[in-house]
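A.B. asks: What follows is a single structure, and I will ask about it in a moment.
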Amino acid sequence: MGDAPERPSTRVLASLGQRAGEVAHDFDNSLTAIAAHATLIRGATDDPEVLEHARAILRAARTASQVVERVRAMLRGGEKHERVQVDVEALADEARVAVAARGDKRGVTVVRRREGHAATVAGDPAELLQVVVNLGNNAVDASPDGAEVAIVTADTLDGGAAIVVEDRGAGVPDELRERVFEPFFTTKGSHGTGLGLALCRAIVERHGGALALDPRRGGGTVARVALPLAGDDVPAPRHATSVAIRGVGLDARVLVVDDDDGTREALRVLLEAAGFDVTIAADGTSAVTSFATRRPDVVVSDLELGEDDGGAVISQLLAIDRAVPVVLASGKDAPVGAPWVARVSAILRKPVSPVELVATIRRLAAQRRGAMAGADTPRRESP
Amino acid sequence: MGDPEKPDFHAVRGALNGVVLQLEVIRLALDKGDDAMARRALAAARDAAKTAAERLDAAAAKVGE
């Protein structure tokens, strides 16, 4: 014994937190300026090499900004948070979609199992989603190629709800099982910030729950989030699902082609809020130019594009890249028998539900990433 | 692009799509506490709703209502 570190006093921690918050604020301002200039560069050039560098700057700024946000989130421990009813099954389903995208890139299958009763907990849906996605991403990172990660919903022994993430990786050594929850401790070398698990535990404990890592029988790790059920006094969420949930957009590039200024701009705002890297085009010529230079993961196009025929534009894009998933969003029916219609991945009829559109793009982007990694090509979905 | 003699209800759907999207932007703006964004989206939603009404009137006129 004897070597146990002395715990800093609450006053010292509060002072440290305040300083860290100030630094985070200044750092975030600098990141905002960096991202703004990178965005300007992206919009001012068609040079593919410059565009790629601008995108790399944006990605790095986004990652750094997420680190700042995580620091802030940990420092927010004492703040009062609005709590609403959170459907545990829906939360785990949403997390699976996000984690599966990472799994597709790494040859890891992400499955869902329901082993408990339907449960509702009280909490911040975005924060709880962040926890499960973070645990799921860690599980994918720890998994060998071809392995399976399971996101399981279950009951706890004391009548609460549990979300369990199981992987079949090398497992966490006994001596590190608690250390991995310490801020800035990481087993991922330069690829990790050491904040993910610390933040996850802080969030879960703010929700009155507990987060623990245990060895999985047969090898691997079981991350278990236990949460108390919501009381009768907890209000329902203002909206069941929001495209504003951050951090689960797969970082996919989306090209939106629509001749209506308001629609185009609204889609840009909404899809960026959902985490996508969005490019917009008003007509066929700019759509083809943007497509050739930016190589989007998914295209969303209207059928009528002013003077241009959306079908012809989609055909041109598919001639450049025959495997790119295309979502047709139109108030008109797609013309029967047109050859390009059979190659469209999804057809959504206007008025389009933004939530459905985001879910469709996420699904297609994940399939696309899987296809690029050698898996199945995107399949046509029902309109 | 369509037949000018026929009522274009698809165009009404297109304008209503604008309304739906702007409402979602307003919700996003309220979540973020961004009043300016909410005001812009509200104005755009009004424009889209007006366009939808005009297109509906035009379509109705073609079917004699």
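Naming scheme: A, B, ... for chains in displayed order of the structure tokens; residues 1 onward per chain; ligands 1 onward as shown.
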Near chain A, which residues of chain B fall within 10 Å when you count only C-alpha atoms, and what do they look like as a VMD selection string?

C.D. replies: chain B and resid 1 to 2 8 to 29 31 to 32 37 41 44 to 45 47 to 48

A.B. asks: Store the residues of this selection in a file with N, CA and C atoms, as a compact mmCIF listing (two decimals), in the first residue's frame.

C.D. replies:
# COMPACT_ATOMS: atom_id res chain seq x y z
N MET B 1 -41.26 21.55 -67.03
CA MET B 1 -41.00 20.22 -67.54
C MET B 1 -42.30 19.44 -67.77
N GLY B 2 -43.33 19.70 -66.99
CA GLY B 2 -44.57 18.95 -67.10
C GLY B 2 -45.47 19.50 -68.20
N ASP B 8 -50.59 20.58 -61.89
CA ASP B 8 -49.33 20.03 -61.40
C ASP B 8 -49.35 19.93 -59.88
N PHE B 9 -49.96 18.86 -59.39
CA PHE B 9 -50.01 18.65 -57.94
C PHE B 9 -48.63 18.24 -57.39
N HIS B 10 -47.79 17.71 -58.27
CA HIS B 10 -46.43 17.34 -57.82
C HIS B 10 -45.67 18.59 -57.38
N ALA B 11 -45.93 19.68 -58.08
CA ALA B 11 -45.25 20.93 -57.70
C ALA B 11 -45.71 21.39 -56.32
N VAL B 12 -46.97 21.11 -55.98
CA VAL B 12 -47.47 21.45 -54.64
C VAL B 12 -46.69 20.65 -53.60
N ARG B 13 -46.51 19.36 -53.91
CA ARG B 13 -45.74 18.51 -53.00
C ARG B 13 -44.32 19.07 -52.80
N GLY B 14 -43.73 19.54 -53.88
CA GLY B 14 -42.38 20.11 -53.79
C GLY B 14 -42.34 21.30 -52.85
N ALA B 15 -43.34 22.18 -52.96
CA ALA B 15 -43.36 23.36 -52.09
C ALA B 15 -43.63 22.96 -50.64
N LEU B 16 -44.51 21.97 -50.44
CA LEU B 16 -44.77 21.50 -49.07
C LEU B 16 -43.51 20.88 -48.46
N ASN B 17 -42.71 20.26 -49.31
CA ASN B 17 -41.44 19.71 -48.85
C ASN B 17 -40.57 20.82 -48.24
N GLY B 18 -40.60 21.99 -48.90
CA GLY B 18 -39.85 23.13 -48.37
C GLY B 18 -40.34 23.53 -46.99
N VAL B 19 -41.67 23.50 -46.80
CA VAL B 19 -42.24 23.86 -45.50
C VAL B 19 -41.75 22.88 -44.43
N VAL B 20 -41.85 21.58 -44.75
CA VAL B 20 -41.45 20.55 -43.78
C VAL B 20 -39.97 20.71 -43.39
N LEU B 21 -39.13 20.94 -44.38
CA LEU B 21 -37.70 21.07 -44.09
C LEU B 21 -37.41 22.31 -43.24
N GLN B 22 -38.09 23.42 -43.57
CA GLN B 22 -37.84 24.64 -42.80
C GLN B 22 -38.33 24.48 -41.36
N LEU B 23 -39.43 23.74 -41.17
CA LEU B 23 -39.90 23.49 -39.79
C LEU B 23 -38.83 22.73 -39.01
N GLU B 24 -38.18 21.78 -39.68
CA GLU B 24 -37.12 21.01 -39.01
C GLU B 24 -35.93 21.93 -38.69
N VAL B 25 -35.66 22.86 -39.61
CA VAL B 25 -34.57 23.81 -39.34
C VAL B 25 -34.93 24.70 -38.14
N ILE B 26 -36.19 25.08 -38.05
CA ILE B 26 -36.62 25.89 -36.90
C ILE B 26 -36.41 25.10 -35.60
N ARG B 27 -36.79 23.82 -35.64
CA ARG B 27 -36.60 22.99 -34.45
C ARG B 27 -35.10 22.90 -34.08
N LEU B 28 -34.29 22.73 -35.09
CA LEU B 28 -32.84 22.67 -34.86
C LEU B 28 -32.35 23.98 -34.26
N ALA B 29 -32.84 25.10 -34.83
CA ALA B 29 -32.41 26.42 -34.34
C ALA B 29 -32.84 26.63 -32.89
N ASP B 31 -33.33 24.25 -30.69
CA ASP B 31 -32.47 23.38 -29.87
C ASP B 31 -31.12 24.05 -29.61
N LYS B 32 -30.61 24.77 -30.64
CA LYS B 32 -29.29 25.41 -30.51
C LYS B 32 -29.39 26.78 -29.86
N MET B 37 -31.12 32.10 -36.88
CA MET B 37 -31.38 30.96 -37.76
C MET B 37 -32.88 30.62 -37.75
N ALA B 41 -35.38 30.71 -41.02
CA ALA B 41 -36.13 29.51 -41.41
C ALA B 41 -37.63 29.78 -41.38
N ALA B 44 -38.46 31.59 -44.51
CA ALA B 44 -38.41 30.64 -45.65
C ALA B 44 -39.62 29.71 -45.63
N ALA B 45 -40.05 29.31 -44.42
CA ALA B 45 -41.23 28.43 -44.32
C ALA B 45 -42.48 29.15 -44.81
N ASP B 47 -42.54 31.60 -47.03
CA ASP B 47 -42.44 31.68 -48.49
C ASP B 47 -42.84 30.37 -49.15
N ALA B 48 -42.35 29.26 -48.56
CA ALA B 48 -42.65 27.95 -49.14
C ALA B 48 -44.15 27.65 -49.03

A.B. asks: Excluding segment 206-210 of chain A and any residue of its chain fewer than 3 positions from it, enumerate the residues within 9 Å of it, using only C-alpha atoms, and give them as a list in words.

C.D. replies: Gly77, Gly78, His81, Arg83, Ala122, Gly123, Asp124, Leu128, Arg201, Ala202, Ile203, Arg224, Val225, Ala226, Leu227 and Pro228 of chain A

A.B. asks: Could you write out that same residue set with C-alpha atoms as a compact mmCIF listing (two decimals), in the first residue's frame?

C.D. replies:
# COMPACT_ATOMS: atom_id res chain seq x y z
CA GLY A 77 -20.73 17.70 -13.93
CA GLY A 78 -22.28 20.10 -11.49
CA HIS A 81 -29.41 18.87 -16.91
CA ARG A 83 -34.09 15.03 -18.18
CA ALA A 122 -34.67 9.51 -17.45
CA GLY A 123 -31.89 11.36 -19.20
CA ASP A 124 -30.36 13.43 -21.93
CA LEU A 128 -26.71 8.63 -23.47
CA ARG A 201 -18.60 7.17 -16.78
CA ALA A 202 -19.16 10.82 -15.85
CA ILE A 203 -22.31 10.94 -17.99
CA ARG A 224 -22.23 -2.59 -18.87
CA VAL A 225 -24.26 0.60 -18.44
CA ALA A 226 -26.87 0.28 -15.68
CA LEU A 227 -29.50 2.99 -15.36
CA PRO A 228 -32.50 3.50 -13.07

A.B. asks: Among segment 115-272 of chain A, which residues does DSSP mark as strand (DSSP E or B) when it is run on the backbone? Keep the chain and numbering as in the structure and answer as a ChimeraX atom specification.

C.D. replies: /A:120-123,148-155,161-166,210-215,221-227,229,253-257

A.B. asks: Okay, now the selection with N, CA and C atoms, as a tab-separated table (two decimals), in the first residue's frame?

C.D. replies:
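The resulting file, out16.tsv, is reproduced below:
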chain	number	residue	atom	x	y	z
A	120	THR	N	-37.87	2.52	-20.02
A	120	THR	CA	-37.66	3.95	-20.23
A	120	THR	C	-36.86	4.49	-19.07
A	121	VAL	N	-35.77	5.21	-19.38
A	121	VAL	CA	-34.97	5.82	-18.33
A	121	VAL	C	-35.08	7.34	-18.46
A	122	ALA	N	-34.64	8.05	-17.42
A	122	ALA	CA	-34.67	9.51	-17.45
A	122	ALA	C	-33.29	10.02	-17.83
A	123	GLY	N	-33.22	10.87	-18.86
A	123	GLY	CA	-31.89	11.36	-19.20
A	123	GLY	C	-31.85	12.30	-20.37
A	148	GLU	N	-17.56	-10.26	-33.99
A	148	GLU	CA	-18.90	-9.70	-33.79
A	148	GLU	C	-18.91	-8.86	-32.51
A	149	VAL	N	-19.56	-7.70	-32.60
A	149	VAL	CA	-19.82	-6.88	-31.41
A	149	VAL	C	-21.33	-6.89	-31.20
A	150	ALA	N	-21.76	-7.07	-29.96
A	150	ALA	CA	-23.20	-7.11	-29.67
A	150	ALA	C	-23.58	-5.95	-28.76
A	151	ILE	N	-24.67	-5.27	-29.11
A	151	ILE	CA	-25.25	-4.25	-28.23
A	151	ILE	C	-26.55	-4.85	-27.69
A	152	VAL	N	-26.57	-5.10	-26.39
A	152	VAL	CA	-27.64	-5.88	-25.78
A	152	VAL	C	-28.40	-5.02	-24.78
A	153	THR	N	-29.72	-5.06	-24.85
A	153	THR	CA	-30.53	-4.40	-23.82
A	153	THR	C	-31.03	-5.47	-22.87
A	154	ALA	N	-30.98	-5.18	-21.58
A	154	ALA	CA	-31.34	-6.20	-20.58
A	154	ALA	C	-31.89	-5.51	-19.34
A	155	ASP	N	-32.43	-6.32	-18.41
A	155	ASP	CA	-32.88	-5.80	-17.12
A	155	ASP	C	-31.73	-5.91	-16.12
A	161	ALA	N	-32.56	-0.67	-16.01
A	161	ALA	CA	-32.30	-1.07	-17.39
A	161	ALA	C	-30.80	-1.11	-17.62
A	162	ALA	N	-30.38	-2.04	-18.46
A	162	ALA	CA	-28.95	-2.14	-18.78
A	162	ALA	C	-28.75	-2.14	-20.28
A	163	ILE	N	-27.69	-1.46	-20.71
A	163	ILE	CA	-27.23	-1.56	-22.09
A	163	ILE	C	-25.82	-2.12	-22.02
A	164	VAL	N	-25.66	-3.27	-22.67
A	164	VAL	CA	-24.40	-4.00	-22.55
A	164	VAL	C	-23.74	-4.06	-23.93
A	165	VAL	N	-22.46	-3.75	-23.99
A	165	VAL	CA	-21.71	-3.84	-25.25
A	165	VAL	C	-20.64	-4.93	-25.08
A	166	GLU	N	-20.75	-5.96	-25.90
A	166	GLU	CA	-19.83	-7.10	-25.78
A	166	GLU	C	-18.90	-7.16	-26.99
A	210	ALA	N	-24.42	3.40	-13.37
A	210	ALA	CA	-23.05	2.92	-13.18
A	210	ALA	C	-22.54	2.32	-14.48
A	211	LEU	N	-21.24	2.48	-14.70
A	211	LEU	CA	-20.60	1.89	-15.89
A	211	LEU	C	-19.41	1.06	-15.43
A	212	ALA	N	-19.36	-0.17	-15.89
A	212	ALA	CA	-18.26	-1.05	-15.49
A	212	ALA	C	-17.81	-1.88	-16.68
A	213	LEU	N	-16.54	-2.26	-16.66
A	213	LEU	CA	-15.99	-3.18	-17.67
A	213	LEU	C	-15.69	-4.50	-16.98
A	214	ASP	N	-16.08	-5.59	-17.60
A	214	ASP	CA	-15.80	-6.92	-17.05
A	214	ASP	C	-15.30	-7.82	-18.17
A	215	PRO	N	-14.57	-8.89	-17.79
A	215	PRO	CA	-14.15	-9.83	-18.82
A	215	PRO	C	-15.36	-10.59	-19.37
A	221	THR	N	-14.44	-8.28	-23.83
A	221	THR	CA	-14.85	-7.38	-22.76
A	221	THR	C	-16.35	-7.15	-22.80
A	222	VAL	N	-16.95	-6.99	-21.62
A	222	VAL	CA	-18.36	-6.61	-21.51
A	222	VAL	C	-18.40	-5.25	-20.82
A	223	ALA	N	-18.88	-4.24	-21.56
A	223	ALA	CA	-19.09	-2.91	-20.97
A	223	ALA	C	-20.57	-2.82	-20.61
A	224	ARG	N	-20.85	-2.53	-19.34
A	224	ARG	CA	-22.23	-2.59	-18.87
A	224	ARG	C	-22.66	-1.24	-18.29
A	225	VAL	N	-23.67	-0.65	-18.93
A	225	VAL	CA	-24.26	0.60	-18.44
A	225	VAL	C	-25.56	0.25	-17.72
A	226	ALA	N	-25.64	0.54	-16.44
A	226	ALA	CA	-26.87	0.28	-15.68
A	226	ALA	C	-27.51	1.61	-15.32
A	227	LEU	N	-28.80	1.73	-15.61
A	227	LEU	CA	-29.50	2.99	-15.36
A	227	LEU	C	-30.81	2.74	-14.63
A	229	LEU	N	-34.80	3.23	-13.82
A	229	LEU	CA	-35.95	3.54	-14.69
A	229	LEU	C	-36.46	4.94	-14.40
A	253	ARG	N	-19.67	12.04	-47.04
A	253	ARG	CA	-19.87	13.19	-47.94
A	253	ARG	C	-21.18	12.99	-48.68
A	254	VAL	N	-22.01	14.03	-48.68
A	254	VAL	CA	-23.32	13.94	-49.33
A	254	VAL	C	-23.43	15.09	-50.34
A	255	LEU	N	-23.86	14.77	-51.55
A	255	LEU	CA	-24.14	15.79	-52.56
A	255	LEU	C	-25.65	15.94	-52.69
A	256	VAL	N	-26.15	17.15	-52.46
A	256	VAL	CA	-27.58	17.45	-52.58
A	256	VAL	C	-27.80	18.22	-53.88
A	257	VAL	N	-28.68	17.70	-54.75
A	257	VAL	CA	-28.97	18.38	-56.03
A	257	VAL	C	-30.45	18.75	-56.02

A.B. asks: Give me the residues near Val108 of chain A as an MDAnalysis selection string, where near means some atom within 10 Å (using only C-alpha atoms) and where sequence neighbours in that chain fewer than 6 positions away do not count.

C.D. replies: chainID A and resid 99:102 139:141 143:149 167

A.B. asks: Pull C-alpha atoms from the residues just selected and write them as a PDB file, in the first residue's frame.

C.D. replies:
ATOM      1  CA  VAL A  99     -21.366   1.745 -34.573  1.00  0.00           C
ATOM      2  CA  ALA A 100     -22.096  -0.553 -37.541  1.00  0.00           C
ATOM      3  CA  ALA A 101     -20.675   2.102 -39.854  1.00  0.00           C
ATOM      4  CA  ARG A 102     -17.349   1.904 -38.033  1.00  0.00           C
ATOM      5  CA  ALA A 139     -15.536  -2.542 -28.890  1.00  0.00           C
ATOM      6  CA  VAL A 140     -15.098  -2.395 -32.683  1.00  0.00           C
ATOM      7  CA  ASP A 141     -11.557  -1.032 -32.313  1.00  0.00           C
ATOM      8  CA  SER A 143     -12.180  -6.591 -32.176  1.00  0.00           C
ATOM      9  CA  PRO A 144     -10.232  -8.765 -34.583  1.00  0.00           C
ATOM     10  CA  ASP A 145     -11.240  -8.799 -38.254  1.00  0.00           C
ATOM     11  CA  GLY A 146     -14.435 -10.781 -38.831  1.00  0.00           C
ATOM     12  CA  ALA A 147     -15.506 -10.685 -35.174  1.00  0.00           C
ATOM     13  CA  GLU A 148     -18.897  -9.696 -33.792  1.00  0.00           C
ATOM     14  CA  VAL A 149     -19.823  -6.878 -31.414  1.00  0.00           C
ATOM     15  CA  ASP A 167     -16.708  -7.599 -27.849  1.00  0.00           C
TER      16      ASP A 167
END

A.B. asks: Quick one, how far is atom CA of Val299 of chain A from atom CA of Glu356 of chain A?

C.D. replies: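 Going from atom CA of Val299 of chain A over to atom CA of Glu356 of chain A covers 15.1 Å.
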
A.B. asks: When you draw a straight line from atom CA of Arg363 of chain A to atom CA of Val97 of chain A, how long is it in Å?

C.D. replies: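 That distance, rounded to one decimal, is 7.5 Å.
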